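Content type mmCIF, C-alpha atoms, from the file model31.cif:
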data_entry
loop_
_atom_site.label_atom_id
_atom_site.label_comp_id
_atom_site.auth_asym_id
_atom_site.auth_seq_id
_atom_site.Cartn_x
_atom_site.Cartn_y
_atom_site.Cartn_z
CA MET A 1 -135.74 -201.59 -105.07
CA VAL A 2 -132.98 -201.52 -102.55
CA THR A 3 -130.77 -201.55 -105.61
CA THR A 4 -130.23 -197.81 -106.14
CA PHE A 5 -129.32 -197.40 -102.48
CA ARG A 6 -126.77 -200.19 -102.63
CA ARG A 7 -125.12 -198.87 -105.74
CA ALA A 8 -124.88 -195.30 -104.52
CA LEU A 9 -123.98 -196.07 -100.92
CA GLY A 10 -121.55 -198.75 -102.01
CA ALA A 11 -119.63 -196.22 -104.06
CA ALA A 12 -120.02 -193.17 -101.83
CA VAL A 13 -119.78 -194.67 -98.36
CA LEU A 14 -118.13 -198.06 -98.62
CA GLY A 15 -115.72 -197.07 -101.35
CA THR A 16 -115.38 -200.76 -102.25
CA PHE A 17 -118.37 -201.52 -104.43
CA THR A 18 -116.70 -200.26 -107.58
CA VAL A 19 -114.20 -203.09 -107.45
CA SER A 20 -116.91 -205.71 -107.13
CA ALA A 21 -119.12 -204.14 -109.76
CA LEU A 22 -116.47 -203.98 -112.43
CA THR A 23 -115.43 -207.61 -112.14
CA ALA A 24 -117.44 -209.97 -114.28
CA CYS A 25 -116.69 -212.86 -112.00
CA GLY A 26 -115.26 -213.61 -108.59
CA GLY A 27 -113.00 -216.17 -107.01
CA PRO A 28 -110.03 -218.11 -108.32
CA GLN A 29 -110.05 -220.08 -111.55
CA PRO A 30 -110.71 -223.76 -110.81
CA SER A 31 -108.16 -226.29 -111.90
CA GLY A 32 -108.10 -227.56 -115.46
CA ASP A 33 -109.25 -231.00 -114.30
CA ASP A 34 -113.02 -230.68 -114.28
CA GLY A 35 -113.52 -233.91 -112.37
CA GLY A 36 -116.02 -235.07 -114.96
CA LYS A 37 -118.12 -231.92 -114.79
CA LYS A 38 -118.77 -230.27 -118.12
CA ASP A 39 -118.90 -226.68 -116.94
CA LYS A 40 -116.94 -225.24 -114.01
CA THR A 41 -118.55 -221.79 -114.27
CA VAL A 42 -121.97 -220.89 -112.87
CA THR A 43 -123.46 -217.65 -114.18
CA LEU A 44 -125.46 -215.38 -111.89
CA VAL A 45 -127.73 -212.84 -113.61
CA SER A 46 -128.61 -209.87 -111.42
CA HIS A 47 -129.13 -206.13 -111.09
CA ASN A 48 -126.24 -203.68 -110.97
CA SER A 49 -126.07 -203.69 -107.18
CA PHE A 50 -125.19 -207.31 -106.56
CA ALA A 51 -121.95 -207.44 -104.58
CA ALA A 52 -120.06 -210.05 -102.60
CA SER A 53 -116.60 -210.05 -101.13
CA ASP A 54 -113.82 -211.82 -103.00
CA ALA A 55 -113.23 -214.03 -99.98
CA VAL A 56 -116.79 -215.29 -99.98
CA LEU A 57 -116.79 -216.01 -103.72
CA GLU A 58 -113.49 -217.83 -103.27
CA LYS A 59 -115.07 -219.91 -100.51
CA PHE A 60 -117.83 -220.97 -102.89
CA THR A 61 -115.26 -222.03 -105.47
CA GLU A 62 -113.25 -223.95 -102.87
CA GLU A 63 -116.34 -225.78 -101.65
CA THR A 64 -117.93 -226.60 -105.00
CA GLY A 65 -115.28 -226.23 -107.72
CA TYR A 66 -117.48 -223.71 -109.53
CA LYS A 67 -116.39 -220.19 -110.38
CA VAL A 68 -119.08 -217.50 -110.25
CA LYS A 69 -119.58 -215.23 -113.24
CA VAL A 70 -121.88 -212.27 -112.61
CA LEU A 71 -123.89 -210.59 -115.38
CA ARG A 72 -125.42 -207.30 -114.26
CA GLY A 73 -128.36 -205.92 -116.19
CA GLY A 74 -129.27 -202.47 -114.87
CA ASP A 75 -131.75 -201.88 -112.08
CA ALA A 76 -133.99 -204.62 -110.75
CA GLY A 77 -136.85 -203.95 -113.14
CA ALA A 78 -134.61 -203.80 -116.19
CA ALA A 79 -132.76 -206.97 -115.21
CA LEU A 80 -136.03 -208.83 -114.73
CA ASN A 81 -137.43 -207.56 -118.02
CA GLN A 82 -134.36 -208.88 -119.83
CA ALA A 83 -134.63 -212.21 -118.07
CA VAL A 84 -138.26 -212.56 -119.15
CA LEU A 85 -137.46 -211.60 -122.75
CA SER A 86 -134.62 -214.13 -122.91
CA LYS A 87 -136.29 -216.92 -120.95
CA ASP A 88 -136.21 -219.35 -123.92
CA ASN A 89 -132.46 -218.81 -124.13
CA PRO A 90 -131.46 -217.76 -120.59
CA GLN A 91 -128.41 -215.58 -120.05
CA GLY A 92 -127.23 -217.62 -117.10
CA ASP A 93 -128.03 -220.23 -114.50
CA VAL A 94 -129.39 -218.28 -111.53
CA PHE A 95 -131.27 -214.99 -111.35
CA PHE A 96 -130.87 -212.90 -108.19
CA GLY A 97 -132.75 -209.73 -107.33
CA VAL A 98 -136.46 -210.16 -108.02
CA ASP A 99 -138.33 -208.77 -105.02
CA ASN A 100 -141.85 -209.14 -103.70
CA THR A 101 -143.09 -206.14 -105.72
CA LEU A 102 -142.16 -207.91 -108.98
CA LEU A 103 -142.27 -211.57 -107.94
CA SER A 104 -145.58 -212.48 -109.55
CA ARG A 105 -144.37 -211.31 -112.94
CA ALA A 106 -141.38 -213.63 -112.77
CA LEU A 107 -143.45 -216.59 -111.61
CA ASP A 108 -146.28 -216.02 -114.09
CA ASN A 109 -143.73 -216.03 -116.92
CA GLY A 110 -142.32 -219.41 -115.88
CA LEU A 111 -138.86 -217.97 -115.35
CA PHE A 112 -137.64 -220.52 -112.82
CA THR A 113 -137.18 -224.25 -112.36
CA PRO A 114 -138.32 -225.40 -108.90
CA TYR A 115 -135.54 -226.25 -106.48
CA LYS A 116 -135.67 -226.58 -102.69
CA ALA A 117 -132.40 -225.13 -101.49
CA LYS A 118 -130.36 -226.79 -98.77
CA ASP A 119 -131.09 -225.32 -95.31
CA LEU A 120 -134.27 -223.62 -96.54
CA GLU A 121 -135.86 -224.58 -93.23
CA LYS A 122 -133.46 -222.12 -91.54
CA ILE A 123 -135.31 -219.25 -93.24
CA PRO A 124 -138.49 -218.13 -91.42
CA ALA A 125 -141.77 -218.83 -93.16
CA GLU A 126 -142.56 -215.10 -93.43
CA TYR A 127 -139.88 -214.80 -96.14
CA ARG A 128 -140.87 -217.89 -98.12
CA LEU A 129 -143.50 -216.49 -100.46
CA ASP A 130 -143.51 -219.53 -102.79
CA PRO A 131 -143.45 -222.22 -100.09
CA ASP A 132 -145.07 -225.08 -101.96
CA LYS A 133 -143.38 -224.90 -105.36
CA HIS A 134 -139.92 -223.61 -104.36
CA ARG A 135 -139.48 -221.67 -107.58
CA VAL A 136 -137.61 -218.94 -105.73
CA THR A 137 -135.39 -218.85 -102.65
CA PRO A 138 -135.48 -215.83 -100.30
CA VAL A 139 -132.03 -214.30 -99.86
CA ASP A 140 -132.33 -210.91 -98.14
CA SER A 141 -134.75 -208.34 -96.81
CA GLY A 142 -134.82 -204.59 -96.38
CA ASP A 143 -137.27 -201.95 -95.21
CA ILE A 144 -138.24 -198.82 -97.14
CA CYS A 145 -138.85 -196.15 -94.52
CA VAL A 146 -139.02 -192.42 -94.02
CA ASN A 147 -135.66 -191.24 -92.65
CA TYR A 148 -135.25 -188.00 -90.70
CA ASP A 149 -132.45 -185.55 -90.05
CA ARG A 150 -131.95 -185.69 -86.27
CA ALA A 151 -130.23 -182.30 -86.02
CA TYR A 152 -133.02 -180.48 -87.84
CA PHE A 153 -135.70 -181.64 -85.42
CA ALA A 154 -133.53 -181.36 -82.30
CA ASP A 155 -132.54 -177.78 -83.13
CA ARG A 156 -136.20 -176.79 -83.44
CA GLY A 157 -137.54 -178.80 -80.53
CA ILE A 158 -139.88 -180.75 -82.81
CA GLU A 159 -140.49 -184.46 -82.44
CA PRO A 160 -139.77 -186.31 -85.70
CA PRO A 161 -142.67 -188.16 -87.29
CA ARG A 162 -143.21 -191.81 -86.41
CA THR A 163 -146.16 -192.89 -88.55
CA LEU A 164 -147.75 -192.27 -91.93
CA ASP A 165 -150.49 -190.25 -90.24
CA ASP A 166 -147.88 -187.93 -88.74
CA LEU A 167 -146.61 -186.92 -92.19
CA THR A 168 -149.85 -185.05 -92.95
CA LYS A 169 -149.61 -182.86 -89.83
CA PRO A 170 -148.91 -179.11 -90.17
CA GLU A 171 -145.57 -179.28 -88.33
CA TYR A 172 -144.18 -181.40 -91.19
CA LYS A 173 -145.41 -179.20 -94.02
CA ASN A 174 -142.89 -178.92 -96.89
CA LEU A 175 -140.44 -181.26 -95.14
CA LEU A 176 -140.83 -184.59 -96.98
CA VAL A 177 -139.25 -185.65 -100.26
CA THR A 178 -140.11 -188.98 -101.87
CA GLU A 179 -139.28 -190.77 -105.11
CA ASN A 180 -141.56 -191.24 -108.08
CA ALA A 181 -143.49 -194.49 -107.67
CA ALA A 182 -143.47 -194.97 -111.43
CA THR A 183 -139.68 -194.79 -111.76
CA SER A 184 -138.24 -195.72 -108.37
CA SER A 185 -138.36 -198.82 -106.19
CA PRO A 186 -138.40 -196.94 -102.86
CA GLY A 187 -141.06 -194.64 -104.27
CA LEU A 188 -143.19 -197.65 -105.15
CA GLY A 189 -142.56 -199.24 -101.77
CA PHE A 190 -143.69 -196.09 -99.99
CA LEU A 191 -146.85 -196.01 -102.11
CA LEU A 192 -147.53 -199.65 -101.22
CA ALA A 193 -147.12 -198.86 -97.53
CA THR A 194 -149.87 -196.25 -97.81
CA VAL A 195 -152.16 -198.65 -99.68
CA ALA A 196 -151.56 -201.31 -97.02
CA GLU A 197 -152.39 -198.82 -94.26
CA TYR A 198 -155.36 -196.96 -95.75
CA GLY A 199 -156.88 -199.47 -98.17
CA GLY A 200 -159.43 -197.74 -100.38
CA GLY A 201 -158.64 -194.44 -98.70
CA TRP A 202 -155.03 -194.27 -99.86
CA GLN A 203 -155.77 -191.67 -102.54
CA GLU A 204 -157.28 -189.33 -99.96
CA TYR A 205 -154.14 -189.77 -97.89
CA TRP A 206 -151.97 -188.75 -100.83
CA LYS A 207 -154.12 -185.70 -101.43
CA LYS A 208 -153.38 -184.71 -97.83
CA LEU A 209 -149.66 -185.31 -98.38
CA ARG A 210 -149.77 -183.21 -101.54
CA ALA A 211 -151.53 -180.41 -99.66
CA ASN A 212 -148.84 -180.70 -96.97
CA GLY A 213 -146.10 -180.03 -99.50
CA VAL A 214 -144.61 -183.42 -100.30
CA GLU A 215 -141.95 -183.13 -103.01
CA VAL A 216 -141.58 -185.88 -105.64
CA VAL A 217 -138.29 -186.48 -107.48
CA ASP A 218 -137.30 -189.14 -109.98
CA GLY A 219 -135.06 -191.41 -107.92
CA TRP A 220 -133.35 -192.21 -104.64
CA GLU A 221 -130.02 -190.56 -105.37
CA GLN A 222 -131.67 -187.23 -106.14
CA ALA A 223 -133.93 -187.47 -103.09
CA TYR A 224 -131.23 -188.55 -100.63
CA TYR A 225 -128.17 -186.70 -101.85
CA ASP A 226 -129.64 -183.54 -103.38
CA ARG A 227 -132.82 -182.81 -101.42
CA PHE A 228 -132.38 -184.45 -98.00
CA SER A 229 -130.69 -182.24 -95.42
CA GLY A 230 -129.32 -185.15 -93.38
CA SER A 231 -127.13 -186.83 -95.99
CA SER A 232 -123.42 -186.70 -95.20
CA GLY A 233 -122.73 -187.18 -98.89
CA GLY A 234 -125.17 -184.51 -99.98
CA LYS A 235 -124.16 -182.46 -102.97
CA GLY A 236 -126.87 -179.86 -103.05
CA GLY A 237 -127.33 -178.80 -99.43
CA GLY A 238 -130.87 -180.14 -99.36
CA ASP A 239 -133.51 -178.43 -97.25
CA ARG A 240 -135.87 -181.39 -96.74
CA PRO A 241 -135.29 -183.14 -93.38
CA LEU A 242 -137.55 -186.09 -94.26
CA VAL A 243 -136.80 -188.53 -97.08
CA VAL A 244 -138.05 -191.91 -98.22
CA SER A 245 -135.00 -194.18 -97.95
CA TYR A 246 -134.13 -197.39 -96.07
CA ALA A 247 -133.82 -198.61 -92.50
CA SER A 248 -130.20 -199.40 -93.33
CA SER A 249 -129.37 -195.79 -94.22
CA PRO A 250 -128.32 -194.74 -90.67
CA PRO A 251 -125.66 -197.49 -90.35
CA ALA A 252 -124.34 -196.53 -93.79
CA GLU A 253 -124.01 -192.91 -92.67
CA VAL A 254 -121.60 -193.82 -89.87
CA LEU A 255 -119.71 -196.72 -91.46
CA ASP A 256 -116.44 -194.84 -91.97
CA ALA A 257 -116.90 -192.23 -89.24
CA ASP A 258 -113.81 -191.65 -87.09
CA PRO A 259 -114.40 -191.25 -84.24
CA ALA A 260 -117.65 -193.22 -84.23
CA PRO A 261 -120.60 -191.10 -83.09
CA LYS A 262 -122.93 -192.07 -80.24
CA GLN A 263 -125.78 -192.29 -82.70
CA ALA A 264 -126.31 -191.98 -86.43
CA PRO A 265 -127.12 -188.47 -87.72
CA THR A 266 -130.29 -189.85 -89.28
CA GLY A 267 -133.18 -191.77 -87.77
CA VAL A 268 -135.97 -194.00 -89.03
CA ALA A 269 -139.71 -193.44 -88.68
CA THR A 270 -140.42 -197.11 -88.02
CA GLY A 271 -144.17 -196.75 -88.45
CA THR A 272 -143.75 -195.89 -92.15
CA CYS A 273 -141.83 -198.93 -93.38
CA PHE A 274 -142.60 -201.37 -96.20
CA ARG A 275 -140.78 -204.72 -96.17
CA GLN A 276 -138.98 -205.83 -99.31
CA ILE A 277 -137.72 -209.37 -99.78
CA GLU A 278 -135.30 -210.34 -102.55
CA PHE A 279 -135.23 -213.78 -104.11
CA ALA A 280 -133.03 -215.91 -106.31
CA GLY A 281 -134.11 -218.72 -108.59
CA LEU A 282 -132.73 -221.40 -110.90
CA LEU A 283 -133.40 -220.17 -114.43
CA ALA A 284 -135.43 -222.56 -116.54
CA GLY A 285 -133.21 -224.03 -119.26
CA ALA A 286 -129.99 -223.23 -117.38
CA ASP A 287 -126.88 -224.71 -118.99
CA ASN A 288 -125.35 -225.50 -115.62
CA GLU A 289 -128.27 -226.62 -113.50
CA GLU A 290 -126.13 -228.41 -110.91
CA GLY A 291 -123.89 -225.38 -110.50
CA GLY A 292 -126.98 -223.20 -110.18
CA LYS A 293 -128.37 -225.38 -107.41
CA ALA A 294 -125.04 -225.21 -105.60
CA LEU A 295 -125.06 -221.42 -105.86
CA LEU A 296 -128.60 -221.18 -104.48
CA ASP A 297 -127.53 -223.30 -101.52
CA PHE A 298 -124.57 -220.98 -100.99
CA LEU A 299 -126.64 -217.77 -101.19
CA ILE A 300 -128.56 -218.80 -98.08
CA GLY A 301 -125.53 -220.29 -96.37
CA GLU A 302 -123.98 -218.64 -93.36
CA ALA A 303 -120.92 -217.24 -95.16
CA PHE A 304 -122.83 -215.34 -97.83
CA GLN A 305 -125.61 -214.26 -95.47
CA GLU A 306 -123.16 -212.68 -93.05
CA ASP A 307 -121.20 -211.06 -95.88
CA MET A 308 -124.26 -209.31 -97.38
CA PRO A 309 -124.98 -206.48 -94.95
CA LEU A 310 -121.79 -204.52 -95.64
CA GLN A 311 -121.79 -205.44 -99.33
CA MET A 312 -125.38 -204.61 -100.24
CA PHE A 313 -126.86 -202.95 -97.12
CA VAL A 314 -129.58 -205.53 -96.67
CA ASN A 315 -130.48 -207.93 -93.89
CA PRO A 316 -129.86 -211.66 -93.98
CA VAL A 317 -132.89 -213.93 -93.86
CA ARG A 318 -131.14 -216.99 -92.42
CA GLU A 319 -131.84 -217.56 -88.74
CA GLY A 320 -128.71 -217.09 -86.66
CA ALA A 321 -126.79 -215.10 -89.28
CA LYS A 322 -124.81 -212.43 -87.46
CA LEU A 323 -125.14 -208.76 -88.32
CA PRO A 324 -122.07 -206.49 -88.31
CA GLU A 325 -121.68 -204.26 -85.27
CA VAL A 326 -122.49 -201.09 -87.22
CA PHE A 327 -125.92 -202.55 -87.98
CA THR A 328 -126.64 -203.67 -84.43
CA GLU A 329 -125.39 -200.43 -82.88
CA TYR A 330 -126.82 -197.86 -85.29
CA GLY A 331 -129.63 -199.67 -87.06
CA GLU A 332 -133.25 -199.60 -85.95
CA THR A 333 -135.49 -202.64 -85.71
CA VAL A 334 -138.76 -202.38 -87.60
CA PRO A 335 -141.15 -204.43 -85.48
CA ASP A 336 -144.21 -204.38 -87.72
CA PRO A 337 -143.48 -203.34 -91.32
CA TYR A 338 -146.19 -203.09 -93.93
CA THR A 339 -146.38 -206.07 -96.27
CA MET A 340 -148.53 -207.10 -99.21
CA ALA A 341 -149.03 -210.33 -101.14
CA PRO A 342 -147.12 -210.32 -104.47
CA GLU A 343 -150.31 -211.36 -106.27
CA LYS A 344 -152.16 -208.30 -105.00
CA ILE A 345 -149.29 -206.04 -106.02
CA ALA A 346 -149.18 -207.57 -109.51
CA GLU A 347 -152.92 -207.23 -109.98
CA ASN A 348 -153.10 -203.59 -108.93
CA ARG A 349 -149.66 -202.03 -109.36
CA GLU A 350 -150.27 -200.38 -112.73
CA ALA A 351 -153.61 -198.88 -111.70
CA TRP A 352 -152.24 -197.70 -108.36
CA VAL A 353 -149.24 -196.02 -109.95
CA GLU A 354 -151.42 -194.32 -112.56
CA ALA A 355 -153.79 -193.00 -109.90
CA TRP A 356 -150.88 -191.94 -107.70
CA THR A 357 -149.29 -190.05 -110.61
CA SER A 358 -152.45 -188.07 -111.20
CA ILE A 359 -152.47 -187.00 -107.55
CA ALA A 360 -148.82 -186.55 -106.61
CA VAL A 361 -147.14 -185.49 -109.85
CA ARG A 362 -149.55 -183.88 -112.28
#

Starting from the file, lay out its structure as structure tokens.
Amino acid sequence: MVTTFRRALGAAVLGTFTVSALTACGGPQPSGDDGGKKDKTVTLVSHNSFAASDAVLEKFTEETGYKVKVLRGGDAGAALNQAVLSKDNPQGDVFFGVDNTLLSRALDNGLFTPYKAKDLEKIPAEYRLDPDKHRVTPVDSGDICVNYDRAYFADRGIEPPRTLDDLTKPEYKNLLVTENAATSSPGLGFLLATVAEYGGGWQEYWKKLRANGVEVVDGWEQAYYDRFSGSSGGKGGGDRPLVVSYASSPPAEVLDADPAPKQAPTGVATGTCFRQIEFAGLLAGADNEEGGKALLDFLIGEAFQEDMPLQMFVNPVREGAKLPEVFTEYGETVPDPYTMAPEKIAENREAWVEAWTSIAVR
């Protein structure tokens, strides 16, 4: 999921995520007078990459009287697994971070209590994947895309790839690195993009990619920082100018640049992108159900939605939420990303990953 990117970029580029990650809770302690409410703390269970500014968490406390405590449980898959295992005795009140590739598992396990969040109508229908039951609330979106090293292609007079078909062409032989679909969220998203595009022919496509020299590594950090030639934070001097990453990677590359460049050093092949949507839900059996509902309302409120991009490098889903200038100036719009129904992903994910492994890894 977008999670590895947020954690790594938050530490390496923003330089501020470490502070957020190491605090178990945010915002000031509410007054001792609980106003008749039993519990003044609302507990958010999430993956390691959840981050919000202190000012925004303080705003939530000021508006509701609740203090937010954050429990982080590893990457998105691990956090969800723990939530499912502990569903009869939930760790908190709200779970944040289940995305559309894992959504059906959460819903099929009865993880959430239905709740229609305030201002839900301000979120476009395309993000509301549980529109009738309201078991989850969409909070953010992000696009998994092939990124390219602009300098590499400019120096050689080669046009960078734009589509999935392009990646199998001879001029891109031995240039692409991707993550393992069995161990990495962006790797899985890239696989799903190819299934969405080629249907029953996706395995033949991957055989062509394999013949064209695609490299597979375990995770995003290794792919982006060690193997990709365009990473400003690269440790290994990578020689692959194409990498599966995110549409938000170029803005992250220039966030602290001084002076600001005319364009980001990396670009996005917008015809390769798979759309991820992250959700939050009120955990069934939550101790503080009212606080959980208030937090869900806040997560799709304007303050949190506009705080997210520079905290977690994702896009807000609320209509009218403003993006920071670095996103609008250096980011690229993905007009028609690949998507897939969560039910279809759940039904086929294991078989697809197994077949993909036999082609791309073994």

Under the rule of at most 7 Å, produce a per-residue listing of segment 171-235 of chain A near segment 345-360 of chain A: chain, number, name, the closest pair of atoms, and the distance in Å, as a tab-separated table, using all atoms listed in the file.
residue	atom	partner	partner_atom	distance
A:Ala181	CA	A:Val353	CA	6.4
A:Ala182	CA	A:Val353	CA	6.0
A:Trp206	CA	A:Ala360	CA	6.9
A:Lys207	CA	A:Ile359	CA	6.5
A:Arg210	CA	A:Ala360	CA	6.1

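Nearest to Glu319 of chain A of all the residues A:Lys122, A:Lys59, A:Lys67, A:Lys87 is A:Lys122, based on all atoms listed in the file.
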
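Counting all atoms listed in the file and comparing A:Ile158, A:Ile144, A:Ala252, A:Val217, the residue that lies closest to Ile277 of chain A is A:Ile144.
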
Report task. List every protein, DNA or RNA residue with an atom no more than 10 Å from (-144.4, -187.2, -86.9) in the file's coordinates, counting all atoms listed in the file, and format the result as an MDAnalysis selection string. Result -> chainID A and resid 148 158:172 269 271

Write out, as JSON lines, each residue of segment 155-254 of chain A that has an atom at most 8 Å from segment 129-142 of chain A, together with the closest pair of atoms and their distance in Å to one decimal, counting only C-alpha atoms, rows going by chain and rising number.
{"residue": "A:Tyr246", "atom": "CA", "partner": "A:Gly142", "partner_atom": "CA", "distance": 7.2}
{"residue": "A:Ala247", "atom": "CA", "partner": "A:Gly142", "partner_atom": "CA", "distance": 7.2}
{"residue": "A:Ser248", "atom": "CA", "partner": "A:Gly142", "partner_atom": "CA", "distance": 7.6}

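Separating atom CA of Ala117 of chain A from atom CA of Lys293 of chain A is a distance of 7.2 Å.
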
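For Asn288 of chain A, the set of protein, DNA and RNA residues having any atom at most 10 Å away, when counting only C-alpha atoms and skipping those fewer than 2 positions along the same chain, is Lys37, Lys38, Asp39, Lys40, Thr41, Val42, Thr43, Gly92, Asp93, Val94, Leu282, Leu283, Gly285, Ala286, Glu290, Gly291, Gly292 and Lys293 of chain A.
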
Report summary line: Taken to one decimal, the atom CA of Leu191 of chain A-atom CA of Gln276 of chain A distance is 12.9 Å

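Using only C-alpha atoms for every distance, the candidate list A:Asn147, A:Asn89, A:Asn100, A:Ser184 yields A:Asn147 as the residue closest to Pro250 of chain A.
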
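You can rank A:Val361, A:Gly219, A:Pro251, A:Leu299 by their closest distance to Leu323 of chain A using only C-alpha atoms, and at the top of that list sits A:Pro251.
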
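Residue nearest Ala280 of chain A, chosen from A:Ala193, A:Leu176, A:Ala211, A:Leu296 and counting only C-alpha atoms: A:Leu296.
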
Please, can segment 316-329 of chain A be completed to N, CA, C and O atoms and returned as an mmCIF file, in the coordinates of the input?
data_model
loop_
_atom_site.group_PDB
_atom_site.id
_atom_site.type_symbol
_atom_site.label_atom_id
_atom_site.label_comp_id
_atom_site.auth_asym_id
_atom_site.auth_seq_id
_atom_site.Cartn_x
_atom_site.Cartn_y
_atom_site.Cartn_z
ATOM 1 N N PRO A 316 -129.770 -210.243 -93.668
ATOM 2 C CA PRO A 316 -129.860 -211.660 -93.980
ATOM 3 C C PRO A 316 -131.218 -212.224 -93.565
ATOM 4 O O PRO A 316 -131.870 -211.693 -92.666
ATOM 5 N N VAL A 317 -131.627 -213.280 -94.223
ATOM 6 C CA VAL A 317 -132.890 -213.930 -93.860
ATOM 7 C C VAL A 317 -132.656 -215.240 -93.111
ATOM 8 O O VAL A 317 -133.590 -215.794 -92.535
ATOM 9 N N ARG A 318 -131.438 -215.730 -93.099
ATOM 10 C CA ARG A 318 -131.140 -216.990 -92.420
ATOM 11 C C ARG A 318 -131.129 -216.779 -90.905
ATOM 12 O O ARG A 318 -130.487 -215.860 -90.392
ATOM 13 N N GLU A 319 -131.834 -217.638 -90.191
ATOM 14 C CA GLU A 319 -131.840 -217.560 -88.740
ATOM 15 C C GLU A 319 -130.434 -217.783 -88.203
ATOM 16 O O GLU A 319 -129.726 -218.686 -88.637
ATOM 17 N N GLY A 320 -130.019 -216.942 -87.270
ATOM 18 C CA GLY A 320 -128.710 -217.090 -86.660
ATOM 19 C C GLY A 320 -127.588 -216.371 -87.368
ATOM 20 O O GLY A 320 -126.476 -216.293 -86.835
ATOM 21 N N ALA A 321 -127.836 -215.844 -88.575
ATOM 22 C CA ALA A 321 -126.790 -215.100 -89.280
ATOM 23 C C ALA A 321 -126.485 -213.822 -88.501
ATOM 24 O O ALA A 321 -127.388 -213.081 -88.114
ATOM 25 N N LYS A 322 -125.210 -213.555 -88.274
ATOM 26 C CA LYS A 322 -124.810 -212.430 -87.460
ATOM 27 C C LYS A 322 -124.741 -211.144 -88.285
ATOM 28 O O LYS A 322 -124.242 -211.140 -89.409
ATOM 29 N N LEU A 323 -125.242 -210.076 -87.702
ATOM 30 C CA LEU A 323 -125.140 -208.760 -88.320
ATOM 31 C C LEU A 323 -123.855 -208.078 -87.878
ATOM 32 O O LEU A 323 -123.392 -208.281 -86.747
ATOM 33 N N PRO A 324 -123.250 -207.245 -88.726
ATOM 34 C CA PRO A 324 -122.070 -206.490 -88.310
ATOM 35 C C PRO A 324 -122.429 -205.496 -87.209
ATOM 36 O O PRO A 324 -123.576 -205.057 -87.091
ATOM 37 N N GLU A 325 -121.438 -205.126 -86.419
ATOM 38 C CA GLU A 325 -121.680 -204.260 -85.270
ATOM 39 C C GLU A 325 -122.304 -202.929 -85.662
ATOM 40 O O GLU A 325 -123.148 -202.384 -84.936
ATOM 41 N N VAL A 326 -121.933 -202.384 -86.818
ATOM 42 C CA VAL A 326 -122.490 -201.090 -87.220
ATOM 43 C C VAL A 326 -123.996 -201.193 -87.431
ATOM 44 O O VAL A 326 -124.731 -200.230 -87.200
ATOM 45 N N PHE A 327 -124.479 -202.361 -87.834
ATOM 46 C CA PHE A 327 -125.920 -202.550 -87.980
ATOM 47 C C PHE A 327 -126.598 -202.673 -86.622
ATOM 48 O O PHE A 327 -127.663 -202.090 -86.395
ATOM 49 N N THR A 328 -126.009 -203.460 -85.730
ATOM 50 C CA THR A 328 -126.640 -203.670 -84.430
ATOM 51 C C THR A 328 -126.589 -202.430 -83.561
ATOM 52 O O THR A 328 -127.484 -202.193 -82.748
ATOM 53 N N GLU A 329 -125.533 -201.614 -83.726
ATOM 54 C CA GLU A 329 -125.390 -200.430 -82.880
ATOM 55 C C GLU A 329 -126.162 -199.236 -83.401
ATOM 56 O O GLU A 329 -126.718 -198.462 -82.618
#
